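Each remark here refers to the structure printed beneath this line.
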Amino acid sequence: MKAFVFLVSCLLTVAAHAEIKTVDSVEPNKFVGTWYRIAANPNFFEPATGCARQVLFPRPDGKVGVYNTGNRDNPSGELLEYHGYAEPKDSSFTKLEVHFDGVSQTGAFWVVGLDAGYQWTVVTDNLGYTLYVMSRNPTLDSASYQAALAAATSAGVSVDRLKTENQTGCQYPPVPSMN
């Protein structure tokens with residue numbers, strides 16, 4: 001009986017997340033570049049970081065190169081670096097499959113909120129477990145942050161676990177050659 005209740009609970013959880021809606025489309029050339037993490041849902045596979053940054057760059061094969069950095073726990077903590085690529089699932093460029101070097105699991109990167117000027121974005125996975133609010137600048141004004149939260153909620157993603165992240169006093173490492 002416990003197994004049945006667990007299975008039904010899992011199915012209901014998946015069904016509840018099936019309603020996540022992405023933005024209509026993303027222009028890849030406008031989306032690439034540097035993004036700073038303003039807020040994120042804590043998760044088991046990512047350590048707590050400060051100064052989190054993501055650099056996206058076009059690759060000749062049509063995929064998007066990914067270079068993520070952050071400092072463990074605070075701005076002076078150990079530098080963590082992750083390299084990989086994202087592969088668009090269709091021409092809308094709203095759903096991407098992310099591959100990181102040395103990691104066997106792939107991740108989902110769904111764009112569920114995007115400022116018209118590409119100054120902030122909200123991304124999650126296909127289940128709404130991860131959630132990231134990112135900005136072109138290390139800080140995001142209150143009105144834009146509230147708009148990002150509203151975009152996430154409107155897309156069917158809960159913002160209840162979202163935690164703001166430290167971007168104060170950061171020394172961002174240089175971006176390595178992306179060839």
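Identifiers for the structure tokens are assigned positionally: chains receive A, B, ... in sequence, residues are indexed from 1 per chain, and ligands are indexed from 1 in the order shown.
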A:Val112: which residues within 7 Å, counting only C-alpha atoms, same-chain residues fewer than 5 positions away excluded, as a PDB file with C-alpha atoms, in the first residue's frame?
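Saved to result_38.pdb:
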```
ATOM      1  CA  LYS A  21       5.151  27.010 -20.056  1.00  0.00           C
ATOM      2  CA  THR A  22       8.167  28.499 -21.772  1.00  0.00           C
ATOM      3  CA  VAL A  23       8.315  31.847 -23.505  1.00  0.00           C
ATOM      4  CA  VAL A 122      14.167  33.106 -15.710  1.00  0.00           C
ATOM      5  CA  VAL A 123      15.079  29.493 -16.413  1.00  0.00           C
ATOM      6  CA  ALA A 151       7.040  35.435 -15.111  1.00  0.00           C
ATOM      7  CA  ALA A 152       8.047  32.288 -13.217  1.00  0.00           C
ATOM      8  CA  ALA A 155       4.798  29.894 -16.327  1.00  0.00           C
TER       9      ALA A 155
END
```
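Those residues that approach A:Gln54 to within 6 Å, counting only C-alpha atoms, are Thr34, Trp35, Tyr67 and Asn68 of chain A; same-chain residues fewer than 3 positions away are not listed.
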* For A:Val98, which residue out of A:Val133, A:Val66, A:Ile20, A:Val55 is the nearest one, using only C-alpha atoms? ->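 The answer is A:Val66, which sits nearest to A:Val98.
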Output as a tab-separated table (two decimals) with N, CA and C atoms, in the first residue's frame all residues of chain A that backbone DSSP marks as helix (DSSP H, G or I).
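Writing the result to result03.tsv gives the following:
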```tsv
chain	number	residue	atom	x	y	z
A	2	LYS	N	1.94	1.25	0.81
A	2	LYS	CA	2.83	2.41	0.85
A	2	LYS	C	3.43	2.67	-0.53
A	3	ALA	N	3.80	1.59	-1.24
A	3	ALA	CA	4.37	1.76	-2.57
A	3	ALA	C	3.35	2.38	-3.52
A	4	PHE	N	2.10	1.98	-3.41
A	4	PHE	CA	1.04	2.53	-4.26
A	4	PHE	C	0.85	4.02	-3.98
A	5	VAL	N	0.81	4.40	-2.70
A	5	VAL	CA	0.64	5.81	-2.32
A	5	VAL	C	1.83	6.62	-2.84
A	6	PHE	N	3.04	6.08	-2.71
A	6	PHE	CA	4.23	6.75	-3.20
A	6	PHE	C	4.15	6.94	-4.71
A	7	LEU	N	3.76	5.90	-5.44
A	7	LEU	CA	3.65	5.98	-6.89
A	7	LEU	C	2.63	7.02	-7.32
A	8	VAL	N	1.47	7.03	-6.69
A	8	VAL	CA	0.44	8.01	-7.01
A	8	VAL	C	0.95	9.42	-6.71
A	9	SER	N	1.64	9.58	-5.59
A	9	SER	CA	2.21	10.88	-5.23
A	9	SER	C	3.20	11.36	-6.29
A	10	CYS	N	4.05	10.46	-6.76
A	10	CYS	CA	5.02	10.81	-7.80
A	10	CYS	C	4.32	11.21	-9.09
A	11	LEU	N	3.31	10.45	-9.47
A	11	LEU	CA	2.57	10.75	-10.69
A	11	LEU	C	1.87	12.10	-10.60
A	12	LEU	N	1.29	12.40	-9.45
A	12	LEU	CA	0.63	13.69	-9.27
A	12	LEU	C	1.64	14.84	-9.31
A	13	THR	N	2.82	14.62	-8.75
A	13	THR	CA	3.86	15.63	-8.78
A	13	THR	C	4.28	15.90	-10.22
A	14	VAL	N	4.52	14.85	-10.99
A	14	VAL	CA	4.91	15.02	-12.40
A	14	VAL	C	3.78	15.69	-13.17
A	15	ALA	N	2.55	15.29	-12.93
A	15	ALA	CA	1.41	15.88	-13.63
A	15	ALA	C	1.29	17.36	-13.30
A	16	ALA	N	1.55	17.73	-12.06
A	16	ALA	CA	1.46	19.13	-11.67
A	16	ALA	C	2.49	19.97	-12.40
A	17	HIS	N	3.65	19.41	-12.67
A	17	HIS	CA	4.70	20.14	-13.35
A	17	HIS	C	4.57	20.11	-14.87
A	28	PRO	N	18.62	33.40	-30.31
A	28	PRO	CA	19.91	32.93	-29.78
A	28	PRO	C	21.00	33.99	-29.76
A	29	ASN	N	21.09	34.80	-30.80
A	29	ASN	CA	22.16	35.81	-30.84
A	29	ASN	C	22.00	36.87	-29.77
A	30	LYS	N	20.77	37.10	-29.31
A	30	LYS	CA	20.55	38.06	-28.22
A	30	LYS	C	20.73	37.40	-26.86
A	31	PHE	N	20.52	36.08	-26.80
A	31	PHE	CA	20.56	35.38	-25.52
A	31	PHE	C	21.99	35.05	-25.08
A	142	SER	N	14.51	46.21	-8.17
A	142	SER	CA	13.36	45.56	-7.55
A	142	SER	C	12.22	45.32	-8.53
A	143	ALA	N	11.91	46.30	-9.37
A	143	ALA	CA	10.80	46.14	-10.31
A	143	ALA	C	11.08	45.01	-11.30
A	144	SER	N	12.30	44.92	-11.78
A	144	SER	CA	12.66	43.84	-12.71
A	144	SER	C	12.64	42.49	-12.02
A	145	TYR	N	13.11	42.45	-10.77
A	145	TYR	CA	13.09	41.19	-10.01
A	145	TYR	C	11.65	40.73	-9.80
A	146	GLN	N	10.76	41.64	-9.46
A	146	GLN	CA	9.35	41.28	-9.27
A	146	GLN	C	8.74	40.81	-10.59
A	147	ALA	N	9.13	41.43	-11.70
A	147	ALA	CA	8.64	40.99	-13.01
A	147	ALA	C	9.14	39.58	-13.32
A	148	ALA	N	10.38	39.28	-12.95
A	148	ALA	CA	10.93	37.93	-13.16
A	148	ALA	C	10.17	36.90	-12.33
A	149	LEU	N	9.87	37.24	-11.07
A	149	LEU	CA	9.10	36.33	-10.21
A	149	LEU	C	7.71	36.11	-10.79
A	150	ALA	N	7.09	37.17	-11.29
A	150	ALA	CA	5.76	37.05	-11.89
A	150	ALA	C	5.82	36.17	-13.14
A	151	ALA	N	6.89	36.27	-13.91
A	151	ALA	CA	7.04	35.43	-15.11
A	151	ALA	C	7.14	33.96	-14.72
A	152	ALA	N	7.91	33.67	-13.68
A	152	ALA	CA	8.05	32.29	-13.22
A	152	ALA	C	6.70	31.74	-12.77
A	153	THR	N	6.00	32.50	-11.96
A	153	THR	CA	4.70	32.07	-11.45
A	153	THR	C	3.71	31.87	-12.59
A	154	SER	N	3.70	32.81	-13.53
A	154	SER	CA	2.80	32.71	-14.69
A	154	SER	C	3.11	31.48	-15.54
```
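Here atom CA of A:Glu78 is placed at a distance of 18.3 Å from atom CA of A:Phe44.
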* Asked: Near A:Asn43, counting only C-alpha atoms, which residues have an atom at most 9 Å away, once you skip same-chain residues fewer than 4 positions from it, shown as a list in words?
  ->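 Near neighbours after the sequence-gap exclusion: Pro47, Ala48, Tyr129 and Thr130 of chain A.
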* Which residue of A:Asp125, A:Asp115, A:Glu46, A:Asp24 approaches A:Asp90 most closely, using only C-alpha atoms ->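 Among the listed residues, A:Asp24 lies closest to A:Asp90.
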* Asked: What residues in stretch 15-133 of chain A get the DSSP label strand (DSSP E or B)? Please answer as a PyMOL selection string.
  -> chain A and resi 33-40+49-58+64-72+79-88+95-100+107-114+120-124+131-133
* Identify which of the residues A:Val157, A:Leu56, A:Ala108, A:Leu96 lies closest to A:Val175, counting only C-alpha atoms when measuring atom-to-atom distances. =>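 With only C-alpha atoms as the atom set, the closest residue is A:Leu56.
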* Asked: A:Phe57, A:Tyr82, A:Tyr118, A:Phe109: which is nearest A:Leu131, counting only C-alpha atoms?
  ->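 The shortest atom-to-atom distance to A:Leu131 comes from A:Phe109.
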* To do: Measure the distance from atom CA of A:Pro42 to atom CA of A:Met134 in Å and round it to one decimal.
  => 14.7 Å
* To do: Kindly give the distance, in Å, that separates atom CA of A:Arg72 and atom CA of A:Thr49, rounded to a single decimal.
  => 4.5 Å
